[in-house]
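Visitor: Next up, my_file-v2.cif (mmCIF, N, CA and C atoms).
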data_my_file
#
loop_
_atom_site.label_atom_id
_atom_site.label_comp_id
_atom_site.auth_asym_id
_atom_site.auth_seq_id
_atom_site.Cartn_x
_atom_site.Cartn_y
_atom_site.Cartn_z
N MET A 1 0.82 -1.18 0.00
CA MET A 1 0.00 0.00 0.00
C MET A 1 0.88 1.26 0.00
N LYS A 2 1.94 1.22 0.80
CA LYS A 2 2.83 2.36 0.90
C LYS A 2 3.48 2.67 -0.44
N ALA A 3 3.82 1.62 -1.19
CA ALA A 3 4.46 1.82 -2.50
C ALA A 3 3.51 2.50 -3.47
N LEU A 4 2.24 2.23 -3.37
CA LEU A 4 1.27 2.87 -4.26
C LEU A 4 1.10 4.34 -3.92
N ARG A 5 1.13 4.66 -2.64
CA ARG A 5 0.95 6.05 -2.22
C ARG A 5 2.23 6.86 -2.32
N GLN A 6 3.38 6.20 -2.14
CA GLN A 6 4.67 6.90 -2.18
C GLN A 6 5.66 6.09 -3.03
N PRO A 7 5.47 6.09 -4.34
CA PRO A 7 6.34 5.28 -5.21
C PRO A 7 7.80 5.74 -5.20
N GLU A 8 8.06 6.97 -4.80
CA GLU A 8 9.43 7.46 -4.77
C GLU A 8 10.29 6.70 -3.75
N ILE A 9 9.66 6.08 -2.78
CA ILE A 9 10.40 5.29 -1.80
C ILE A 9 11.16 4.16 -2.48
N PHE A 10 10.52 3.59 -3.49
CA PHE A 10 11.11 2.43 -4.15
C PHE A 10 11.78 2.76 -5.48
N ALA A 11 11.89 4.03 -5.79
CA ALA A 11 12.55 4.43 -7.03
C ALA A 11 14.02 4.06 -6.96
N GLY A 12 14.54 3.57 -8.05
CA GLY A 12 15.96 3.24 -8.12
C GLY A 12 16.30 1.84 -7.68
N ILE A 13 15.34 1.09 -7.17
CA ILE A 13 15.60 -0.29 -6.77
C ILE A 13 15.29 -1.18 -7.97
N ALA A 14 16.29 -1.93 -8.37
CA ALA A 14 16.11 -2.81 -9.53
C ALA A 14 15.08 -3.89 -9.21
N GLN A 15 14.16 -4.10 -10.12
CA GLN A 15 13.08 -5.06 -9.91
C GLN A 15 13.63 -6.47 -9.68
N ASN A 16 14.57 -6.90 -10.52
CA ASN A 16 15.06 -8.26 -10.38
C ASN A 16 15.82 -8.47 -9.07
N GLU A 17 16.46 -7.43 -8.57
CA GLU A 17 17.20 -7.56 -7.32
C GLU A 17 16.26 -7.69 -6.13
N THR A 18 15.18 -6.94 -6.14
CA THR A 18 14.25 -7.03 -5.02
C THR A 18 13.56 -8.38 -5.01
N SER A 19 13.19 -8.89 -6.16
CA SER A 19 12.51 -10.18 -6.18
C SER A 19 13.49 -11.32 -5.95
N LYS A 20 14.72 -11.18 -6.39
CA LYS A 20 15.72 -12.23 -6.23
C LYS A 20 16.00 -12.50 -4.75
N TYR A 21 16.04 -11.46 -3.94
CA TYR A 21 16.37 -11.62 -2.53
C TYR A 21 15.17 -11.31 -1.62
N MET A 22 13.98 -11.46 -2.17
CA MET A 22 12.76 -11.16 -1.43
C MET A 22 12.65 -11.98 -0.14
N GLY A 23 13.03 -13.25 -0.21
CA GLY A 23 12.89 -14.13 0.95
C GLY A 23 14.10 -14.11 1.87
N SER A 24 15.08 -13.29 1.58
CA SER A 24 16.29 -13.26 2.39
C SER A 24 16.00 -12.63 3.75
N ASN A 25 16.65 -13.19 4.76
CA ASN A 25 16.47 -12.63 6.10
C ASN A 25 17.67 -11.81 6.55
N LEU A 26 18.55 -11.45 5.60
CA LEU A 26 19.70 -10.61 5.93
C LEU A 26 19.26 -9.16 6.12
N THR A 27 19.73 -8.56 7.19
CA THR A 27 19.45 -7.15 7.42
C THR A 27 20.55 -6.32 6.76
N PRO A 28 20.30 -5.05 6.50
CA PRO A 28 21.35 -4.19 5.94
C PRO A 28 22.62 -4.17 6.81
N ASP A 29 22.45 -4.22 8.13
CA ASP A 29 23.61 -4.25 9.03
C ASP A 29 24.41 -5.53 8.86
N GLN A 30 23.72 -6.67 8.72
CA GLN A 30 24.41 -7.94 8.50
C GLN A 30 25.15 -7.93 7.17
N ILE A 31 24.52 -7.40 6.14
CA ILE A 31 25.17 -7.32 4.83
C ILE A 31 26.44 -6.49 4.93
N GLU A 32 26.36 -5.38 5.62
CA GLU A 32 27.54 -4.52 5.77
C GLU A 32 28.64 -5.22 6.56
N GLU A 33 28.26 -5.95 7.60
CA GLU A 33 29.25 -6.68 8.41
C GLU A 33 29.90 -7.79 7.59
N TYR A 34 29.11 -8.53 6.83
CA TYR A 34 29.65 -9.61 5.98
C TYR A 34 30.55 -9.03 4.89
N LYS A 35 30.18 -7.90 4.36
CA LYS A 35 31.00 -7.23 3.35
C LYS A 35 32.36 -6.86 3.94
N LYS A 36 32.36 -6.33 5.15
CA LYS A 36 33.60 -5.96 5.82
C LYS A 36 34.46 -7.20 6.07
N GLN A 37 33.85 -8.27 6.55
CA GLN A 37 34.59 -9.52 6.80
C GLN A 37 35.20 -10.06 5.50
N LEU A 38 34.44 -10.00 4.42
CA LEU A 38 34.90 -10.48 3.13
C LEU A 38 36.10 -9.68 2.64
N LEU A 39 36.01 -8.36 2.71
CA LEU A 39 37.11 -7.51 2.28
C LEU A 39 38.35 -7.70 3.16
N ASP A 40 38.13 -7.88 4.46
CA ASP A 40 39.25 -8.15 5.37
C ASP A 40 39.95 -9.45 4.97
N LEU A 41 39.17 -10.48 4.68
CA LEU A 41 39.74 -11.76 4.26
C LEU A 41 40.54 -11.61 2.97
N PHE A 42 40.00 -10.87 2.02
CA PHE A 42 40.68 -10.68 0.74
C PHE A 42 41.96 -9.88 0.88
N ASN A 43 41.97 -8.93 1.80
CA ASN A 43 43.16 -8.10 1.99
C ASN A 43 44.25 -8.80 2.81
N THR A 44 43.86 -9.72 3.68
CA THR A 44 44.85 -10.39 4.52
C THR A 44 45.31 -11.72 3.94
N GLU A 45 44.36 -12.60 3.60
CA GLU A 45 44.71 -13.95 3.16
C GLU A 45 44.80 -14.12 1.64
N LYS A 46 44.22 -13.18 0.91
CA LYS A 46 44.23 -13.19 -0.56
C LYS A 46 43.80 -14.54 -1.15
N PRO A 47 42.59 -14.99 -0.82
CA PRO A 47 42.12 -16.29 -1.33
C PRO A 47 41.95 -16.32 -2.84
N PHE A 48 41.86 -15.17 -3.47
CA PHE A 48 41.69 -15.10 -4.93
C PHE A 48 42.92 -15.59 -5.67
N LEU A 49 44.06 -15.71 -4.99
CA LEU A 49 45.27 -16.21 -5.63
C LEU A 49 45.18 -17.71 -5.92
N ASN A 50 44.28 -18.38 -5.25
CA ASN A 50 44.04 -19.80 -5.50
C ASN A 50 43.13 -19.93 -6.72
N PRO A 51 43.63 -20.53 -7.81
CA PRO A 51 42.81 -20.65 -9.02
C PRO A 51 41.53 -21.48 -8.81
N GLN A 52 41.52 -22.30 -7.77
CA GLN A 52 40.38 -23.18 -7.52
C GLN A 52 39.41 -22.62 -6.47
N VAL A 53 39.60 -21.41 -6.01
CA VAL A 53 38.75 -20.86 -4.96
C VAL A 53 37.29 -20.86 -5.41
N SER A 54 36.42 -21.17 -4.47
CA SER A 54 34.99 -21.23 -4.79
C SER A 54 34.18 -20.44 -3.76
N LEU A 55 32.96 -20.21 -4.10
CA LEU A 55 32.05 -19.53 -3.18
C LEU A 55 31.92 -20.34 -1.89
N ALA A 56 31.87 -21.66 -2.03
CA ALA A 56 31.77 -22.53 -0.85
C ALA A 56 32.99 -22.40 0.05
N ASP A 57 34.18 -22.30 -0.55
CA ASP A 57 35.41 -22.13 0.23
C ASP A 57 35.34 -20.86 1.07
N LEU A 58 34.94 -19.78 0.42
CA LEU A 58 34.89 -18.49 1.13
C LEU A 58 33.81 -18.48 2.20
N SER A 59 32.66 -19.06 1.88
CA SER A 59 31.57 -19.06 2.87
C SER A 59 31.96 -19.88 4.10
N GLU A 60 32.73 -20.95 3.87
CA GLU A 60 33.20 -21.76 5.00
C GLU A 60 34.19 -20.97 5.86
N LYS A 61 35.12 -20.28 5.22
CA LYS A 61 36.11 -19.48 5.96
C LYS A 61 35.44 -18.38 6.78
N LEU A 62 34.37 -17.82 6.23
CA LEU A 62 33.69 -16.70 6.90
C LEU A 62 32.53 -17.15 7.79
N SER A 63 32.22 -18.43 7.75
CA SER A 63 31.07 -18.98 8.50
C SER A 63 29.77 -18.28 8.11
N ILE A 64 29.60 -18.12 6.80
CA ILE A 64 28.40 -17.51 6.21
C ILE A 64 27.85 -18.52 5.20
N SER A 65 26.56 -18.62 5.08
CA SER A 65 26.01 -19.53 4.07
C SER A 65 26.39 -19.04 2.67
N THR A 66 26.48 -19.96 1.74
CA THR A 66 26.83 -19.57 0.36
C THR A 66 25.77 -18.64 -0.22
N LYS A 67 24.54 -18.89 0.13
CA LYS A 67 23.44 -18.04 -0.37
C LYS A 67 23.62 -16.60 0.13
N HIS A 68 23.93 -16.45 1.40
CA HIS A 68 24.10 -15.11 1.96
C HIS A 68 25.35 -14.43 1.40
N LEU A 69 26.43 -15.19 1.25
CA LEU A 69 27.65 -14.61 0.71
C LEU A 69 27.43 -14.15 -0.73
N SER A 70 26.73 -14.95 -1.50
CA SER A 70 26.41 -14.58 -2.87
C SER A 70 25.58 -13.30 -2.90
N GLN A 71 24.62 -13.20 -2.01
CA GLN A 71 23.79 -12.01 -1.93
C GLN A 71 24.62 -10.79 -1.57
N VAL A 72 25.54 -10.92 -0.64
CA VAL A 72 26.40 -9.82 -0.22
C VAL A 72 27.23 -9.33 -1.40
N ILE A 73 27.83 -10.27 -2.14
CA ILE A 73 28.65 -9.90 -3.29
C ILE A 73 27.81 -9.23 -4.37
N ASN A 74 26.66 -9.83 -4.67
CA ASN A 74 25.80 -9.28 -5.72
C ASN A 74 25.28 -7.89 -5.37
N GLN A 75 24.83 -7.71 -4.15
CA GLN A 75 24.23 -6.43 -3.77
C GLN A 75 25.27 -5.36 -3.40
N SER A 76 26.33 -5.75 -2.73
CA SER A 76 27.31 -4.77 -2.27
C SER A 76 28.27 -4.32 -3.37
N PHE A 77 28.57 -5.23 -4.29
CA PHE A 77 29.57 -4.91 -5.30
C PHE A 77 29.00 -4.89 -6.72
N ASN A 78 27.72 -5.23 -6.84
CA ASN A 78 27.06 -5.27 -8.16
C ASN A 78 27.81 -6.18 -9.13
N LYS A 79 28.32 -7.30 -8.62
CA LYS A 79 29.10 -8.22 -9.44
C LYS A 79 28.73 -9.65 -9.11
N SER A 80 28.97 -10.52 -10.07
CA SER A 80 28.84 -11.94 -9.80
C SER A 80 30.06 -12.39 -9.00
N PHE A 81 30.01 -13.59 -8.47
CA PHE A 81 31.14 -14.11 -7.71
C PHE A 81 32.41 -14.09 -8.56
N PHE A 82 32.34 -14.58 -9.79
CA PHE A 82 33.53 -14.66 -10.64
C PHE A 82 34.05 -13.28 -11.03
N ASP A 83 33.17 -12.35 -11.31
CA ASP A 83 33.62 -10.98 -11.61
C ASP A 83 34.28 -10.35 -10.38
N PHE A 84 33.73 -10.64 -9.21
CA PHE A 84 34.30 -10.13 -7.96
C PHE A 84 35.71 -10.66 -7.75
N ILE A 85 35.88 -11.97 -7.90
CA ILE A 85 37.20 -12.61 -7.76
C ILE A 85 38.17 -12.04 -8.79
N ASN A 86 37.71 -11.93 -10.04
CA ASN A 86 38.57 -11.45 -11.11
C ASN A 86 39.02 -10.01 -10.89
N THR A 87 38.20 -9.20 -10.26
CA THR A 87 38.59 -7.82 -9.96
C THR A 87 39.84 -7.81 -9.09
N PHE A 88 39.86 -8.65 -8.08
CA PHE A 88 41.03 -8.73 -7.19
C PHE A 88 42.23 -9.32 -7.92
N ARG A 89 41.99 -10.31 -8.75
CA ARG A 89 43.09 -10.91 -9.50
C ARG A 89 43.71 -9.89 -10.46
N ILE A 90 42.89 -9.11 -11.11
CA ILE A 90 43.39 -8.10 -12.05
C ILE A 90 44.20 -7.04 -11.30
N GLN A 91 43.71 -6.62 -10.14
CA GLN A 91 44.47 -5.67 -9.33
C GLN A 91 45.82 -6.26 -8.94
N GLU A 92 45.84 -7.56 -8.67
CA GLU A 92 47.10 -8.23 -8.31
C GLU A 92 48.04 -8.27 -9.51
N VAL A 93 47.52 -8.57 -10.69
CA VAL A 93 48.35 -8.56 -11.90
C VAL A 93 48.93 -7.18 -12.11
N GLN A 94 48.11 -6.15 -11.96
CA GLN A 94 48.60 -4.78 -12.13
C GLN A 94 49.70 -4.46 -11.13
N ARG A 95 49.51 -4.87 -9.88
CA ARG A 95 50.52 -4.64 -8.85
C ARG A 95 51.83 -5.36 -9.21
N ILE A 96 51.72 -6.61 -9.60
CA ILE A 96 52.92 -7.40 -9.95
C ILE A 96 53.66 -6.74 -11.11
N LEU A 97 52.93 -6.35 -12.12
CA LEU A 97 53.58 -5.75 -13.29
C LEU A 97 54.22 -4.40 -12.96
N LYS A 98 53.56 -3.62 -12.12
CA LYS A 98 54.13 -2.32 -11.73
C LYS A 98 55.40 -2.50 -10.91
N GLU A 99 55.38 -3.47 -10.00
CA GLU A 99 56.53 -3.68 -9.12
C GLU A 99 57.70 -4.33 -9.85
N SER A 100 57.43 -5.00 -10.94
CA SER A 100 58.50 -5.73 -11.62
C SER A 100 58.76 -5.20 -13.03
N ARG A 101 58.50 -3.93 -13.24
CA ARG A 101 58.64 -3.40 -14.61
C ARG A 101 60.09 -3.44 -15.11
N ASP A 102 61.05 -3.46 -14.21
CA ASP A 102 62.45 -3.58 -14.64
C ASP A 102 62.86 -5.04 -14.85
N ASP A 103 62.13 -5.94 -14.19
CA ASP A 103 62.44 -7.37 -14.31
C ASP A 103 61.91 -7.91 -15.63
N LYS A 104 62.09 -9.17 -15.81
CA LYS A 104 61.63 -9.83 -17.03
C LYS A 104 60.29 -10.53 -16.83
N MET A 105 59.50 -10.10 -15.86
CA MET A 105 58.19 -10.70 -15.58
C MET A 105 57.27 -10.50 -16.79
N THR A 106 56.74 -11.58 -17.30
CA THR A 106 55.82 -11.48 -18.43
C THR A 106 54.40 -11.34 -17.92
N VAL A 107 53.51 -10.87 -18.77
CA VAL A 107 52.10 -10.75 -18.42
C VAL A 107 51.55 -12.14 -18.10
N LEU A 108 51.98 -13.13 -18.85
CA LEU A 108 51.51 -14.50 -18.64
C LEU A 108 51.93 -15.02 -17.25
N GLU A 109 53.15 -14.74 -16.84
CA GLU A 109 53.61 -15.15 -15.51
C GLU A 109 52.81 -14.44 -14.42
N ALA A 110 52.56 -13.16 -14.61
CA ALA A 110 51.78 -12.39 -13.64
C ALA A 110 50.34 -12.92 -13.56
N MET A 111 49.81 -13.30 -14.72
CA MET A 111 48.45 -13.83 -14.78
C MET A 111 48.33 -15.09 -13.93
N TYR A 112 49.27 -16.03 -14.09
CA TYR A 112 49.24 -17.27 -13.32
C TYR A 112 49.48 -17.01 -11.84
N GLU A 113 50.38 -16.10 -11.53
CA GLU A 113 50.68 -15.77 -10.14
C GLU A 113 49.47 -15.18 -9.42
N ALA A 114 48.63 -14.47 -10.16
CA ALA A 114 47.46 -13.82 -9.58
C ALA A 114 46.24 -14.73 -9.47
N GLY A 115 46.35 -15.97 -9.94
CA GLY A 115 45.26 -16.92 -9.76
C GLY A 115 44.47 -17.27 -11.00
N PHE A 116 44.76 -16.64 -12.13
CA PHE A 116 44.09 -17.00 -13.37
C PHE A 116 44.70 -18.29 -13.90
N ASN A 117 43.90 -19.10 -14.56
CA ASN A 117 44.47 -20.30 -15.18
C ASN A 117 44.10 -20.43 -16.65
N SER A 118 43.53 -19.37 -17.21
CA SER A 118 43.18 -19.36 -18.63
C SER A 118 43.53 -18.00 -19.21
N LYS A 119 44.34 -18.02 -20.25
CA LYS A 119 44.76 -16.76 -20.87
C LYS A 119 43.57 -16.03 -21.50
N SER A 120 42.68 -16.75 -22.13
CA SER A 120 41.55 -16.10 -22.80
C SER A 120 40.59 -15.47 -21.78
N SER A 121 40.30 -16.18 -20.68
CA SER A 121 39.41 -15.58 -19.68
C SER A 121 40.10 -14.41 -18.98
N PHE A 122 41.41 -14.51 -18.80
CA PHE A 122 42.16 -13.40 -18.22
C PHE A 122 42.08 -12.16 -19.11
N ASN A 123 42.36 -12.33 -20.41
CA ASN A 123 42.32 -11.19 -21.33
C ASN A 123 40.94 -10.56 -21.37
N THR A 124 39.91 -11.39 -21.41
CA THR A 124 38.53 -10.88 -21.43
C THR A 124 38.21 -10.11 -20.15
N ALA A 125 38.55 -10.69 -19.01
CA ALA A 125 38.26 -10.05 -17.73
C ALA A 125 39.06 -8.77 -17.56
N PHE A 126 40.32 -8.78 -17.98
CA PHE A 126 41.18 -7.61 -17.85
C PHE A 126 40.61 -6.44 -18.66
N LYS A 127 40.24 -6.74 -19.90
CA LYS A 127 39.69 -5.70 -20.78
C LYS A 127 38.36 -5.17 -20.22
N LYS A 128 37.52 -6.07 -19.71
CA LYS A 128 36.23 -5.68 -19.14
C LYS A 128 36.42 -4.77 -17.92
N GLU A 129 37.39 -5.10 -17.08
CA GLU A 129 37.61 -4.36 -15.84
C GLU A 129 38.34 -3.04 -16.06
N THR A 130 39.34 -3.03 -16.96
CA THR A 130 40.20 -1.86 -17.09
C THR A 130 39.97 -1.05 -18.36
N GLY A 131 39.32 -1.64 -19.35
CA GLY A 131 39.11 -0.95 -20.62
C GLY A 131 40.31 -1.02 -21.55
N GLN A 132 41.32 -1.78 -21.17
CA GLN A 132 42.49 -1.95 -22.03
C GLN A 132 43.00 -3.39 -21.91
N THR A 133 43.79 -3.78 -22.87
CA THR A 133 44.36 -5.12 -22.83
C THR A 133 45.53 -5.13 -21.84
N PRO A 134 45.92 -6.31 -21.39
CA PRO A 134 47.09 -6.38 -20.49
C PRO A 134 48.35 -5.79 -21.13
N THR A 135 48.53 -6.01 -22.42
CA THR A 135 49.70 -5.47 -23.12
C THR A 135 49.65 -3.95 -23.16
N GLU A 136 48.48 -3.38 -23.42
CA GLU A 136 48.32 -1.92 -23.40
C GLU A 136 48.63 -1.38 -22.02
N PHE A 137 48.15 -2.07 -20.99
CA PHE A 137 48.43 -1.64 -19.62
C PHE A 137 49.93 -1.66 -19.36
N ARG A 138 50.57 -2.72 -19.79
CA ARG A 138 52.02 -2.89 -19.57
C ARG A 138 52.81 -1.73 -20.17
N LYS A 139 52.35 -1.25 -21.32
CA LYS A 139 53.04 -0.14 -22.00
C LYS A 139 52.90 1.18 -21.26
N THR A 140 51.84 1.32 -20.44
CA THR A 140 51.58 2.58 -19.75
C THR A 140 52.33 2.71 -18.43
N ILE A 141 52.90 1.62 -17.95
CA ILE A 141 53.58 1.70 -16.64
C ILE A 141 55.07 1.92 -16.79
#
So that I can check it, write out the structure of this file as structure tokens.

Guide:
Amino acid sequence: MKALRQPEIFAGIAQNETSKYMGSNLTPDQIEEYKKQLLDLFNTEKPFLNPQVSLADLSEKLSISTKHLSQVINQSFNKSFFDFINTFRIQEVQRILKESRDDKMTVLEAMYEAGFNSKSSFNTAFKKETGQTPTEFRKTI
């Protein structure tokens, strides 16, 4: 009833997102706390470096259900699990390349070190995230 009388309350909320998590019992405070725990884990333990890392692995480490962790990633970062992981991996590749620009570190070596195991998915994800190819990025540093 409130939505009919005051539609501006719900303006800007994506329809599919509200229906997707309609039955969720996570509060905004819980989502924020889980988001903080997730970012802390990524900054300290860097689980994204493991090419086999899964949503189940992370949910176990954080003692959060996979459903809730997926919801936190989707709503807090507007990304799928794989896009979220790849964002951190790409940042790691960029860091490696910047720190080793005098060395003979290749983009391929940096890609594997950061947790990617496929050159084609790496190139696609890198271009999607940064707007340039890994080689173009390498030339700018």

Visitor: Run through the PyMOL selection byres ((chain A and resi 39-48) around 8) on the given coordinates and return the selected residues as a PyMOL selection string.

Guide: chain A and resi 33-38+49-54+58+84-86+88-89+113-116

Visitor: Please provide the set of residues having any atom within 7 Å of Thr66 in chain A, restricted to all atoms listed in the file, with same-chain residues fewer than 6 positions apart removed, written as an NGL selection string.

Guide: :A and (55-56 or 59-60)

Visitor: Any chance you could resolve the PyMOL selection byres (((chain A and resi 100-109 and name CA) around 8) and name CA) against this file and give the residues as a compact mmCIF listing (two decimals) with N, CA and C atoms, keeping the file's coordinate frame?

Guide:
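And here's expr-v4.txt as it stands now:
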# COMPACT_ATOMS: atom_id res chain seq x y z
N VAL A 93 47.52 -8.57 -10.69
CA VAL A 93 48.35 -8.56 -11.90
C VAL A 93 48.93 -7.18 -12.11
N ILE A 96 51.72 -6.61 -9.60
CA ILE A 96 52.92 -7.40 -9.95
C ILE A 96 53.66 -6.74 -11.11
N LEU A 97 52.93 -6.35 -12.12
CA LEU A 97 53.58 -5.75 -13.29
C LEU A 97 54.22 -4.40 -12.96
N LYS A 98 53.56 -3.62 -12.12
CA LYS A 98 54.13 -2.32 -11.73
C LYS A 98 55.40 -2.50 -10.91
N GLU A 99 55.38 -3.47 -10.00
CA GLU A 99 56.53 -3.68 -9.12
C GLU A 99 57.70 -4.33 -9.85
N ALA A 110 52.56 -13.16 -14.61
CA ALA A 110 51.78 -12.39 -13.64
C ALA A 110 50.34 -12.92 -13.56
N MET A 111 49.81 -13.30 -14.72
CA MET A 111 48.45 -13.83 -14.78
C MET A 111 48.33 -15.09 -13.93
N TYR A 112 49.27 -16.03 -14.09
CA TYR A 112 49.24 -17.27 -13.32
C TYR A 112 49.48 -17.01 -11.84
N GLU A 113 50.38 -16.10 -11.53
CA GLU A 113 50.68 -15.77 -10.14
C GLU A 113 49.47 -15.18 -9.42
N LYS A 119 44.34 -18.02 -20.25
CA LYS A 119 44.76 -16.76 -20.87
C LYS A 119 43.57 -16.03 -21.50
N PRO A 134 45.92 -6.31 -21.39
CA PRO A 134 47.09 -6.38 -20.49
C PRO A 134 48.35 -5.79 -21.13
N THR A 135 48.53 -6.01 -22.42
CA THR A 135 49.70 -5.47 -23.12
C THR A 135 49.65 -3.95 -23.16
N ARG A 138 50.57 -2.72 -19.79
CA ARG A 138 52.02 -2.89 -19.57
C ARG A 138 52.81 -1.73 -20.17
N ILE A 141 52.90 1.62 -17.95
CA ILE A 141 53.58 1.70 -16.64
C ILE A 141 55.07 1.92 -16.79

Visitor: I'd like the interatomic distance between CA of Thr87 in chain A and CA of Gly23 in chain A, to a tenth of an Å.

Guide: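 Here the two named atoms are 28.6 Å from each other.
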
Visitor: In Å, with one decimal, what is the gap from CA of Thr133 in chain A to CA of Ser121 in chain A?

Guide: 12.0 Å

Visitor: Please measure the separation of CA of Phe122 in chain A and atom N of Phe77 in chain A, giving the value in Å to one decimal.

Guide: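 About the pair CA of Phe122 in chain A and atom N of Phe77 in chain A: they are 21.1 Å apart.
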
Visitor: Would you please give, as JSON, numbers by chain, all residues of range 23-85 of chain A that DSSP assigns to helix (DSSP H, G or I) based on the backbone?

Guide: {"A": [28, 29, 30, 31, 32, 33, 34, 35, 36, 37, 38, 39, 40, 41, 42, 43, 44, 47, 48, 49, 55, 56, 57, 58, 59, 60, 61, 62, 66, 67, 68, 69, 70, 71, 72, 73, 74, 75, 76, 77, 81, 82, 83, 84, 85]}

Visitor: Between A:Ser24, A:Thr140, A:Ile31, A:Gly131, which is the closest to Ser76 in chain A once you count all atoms listed in the file?

Guide: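 Closest to Ser76 in chain A of all the choices is A:Ile31.
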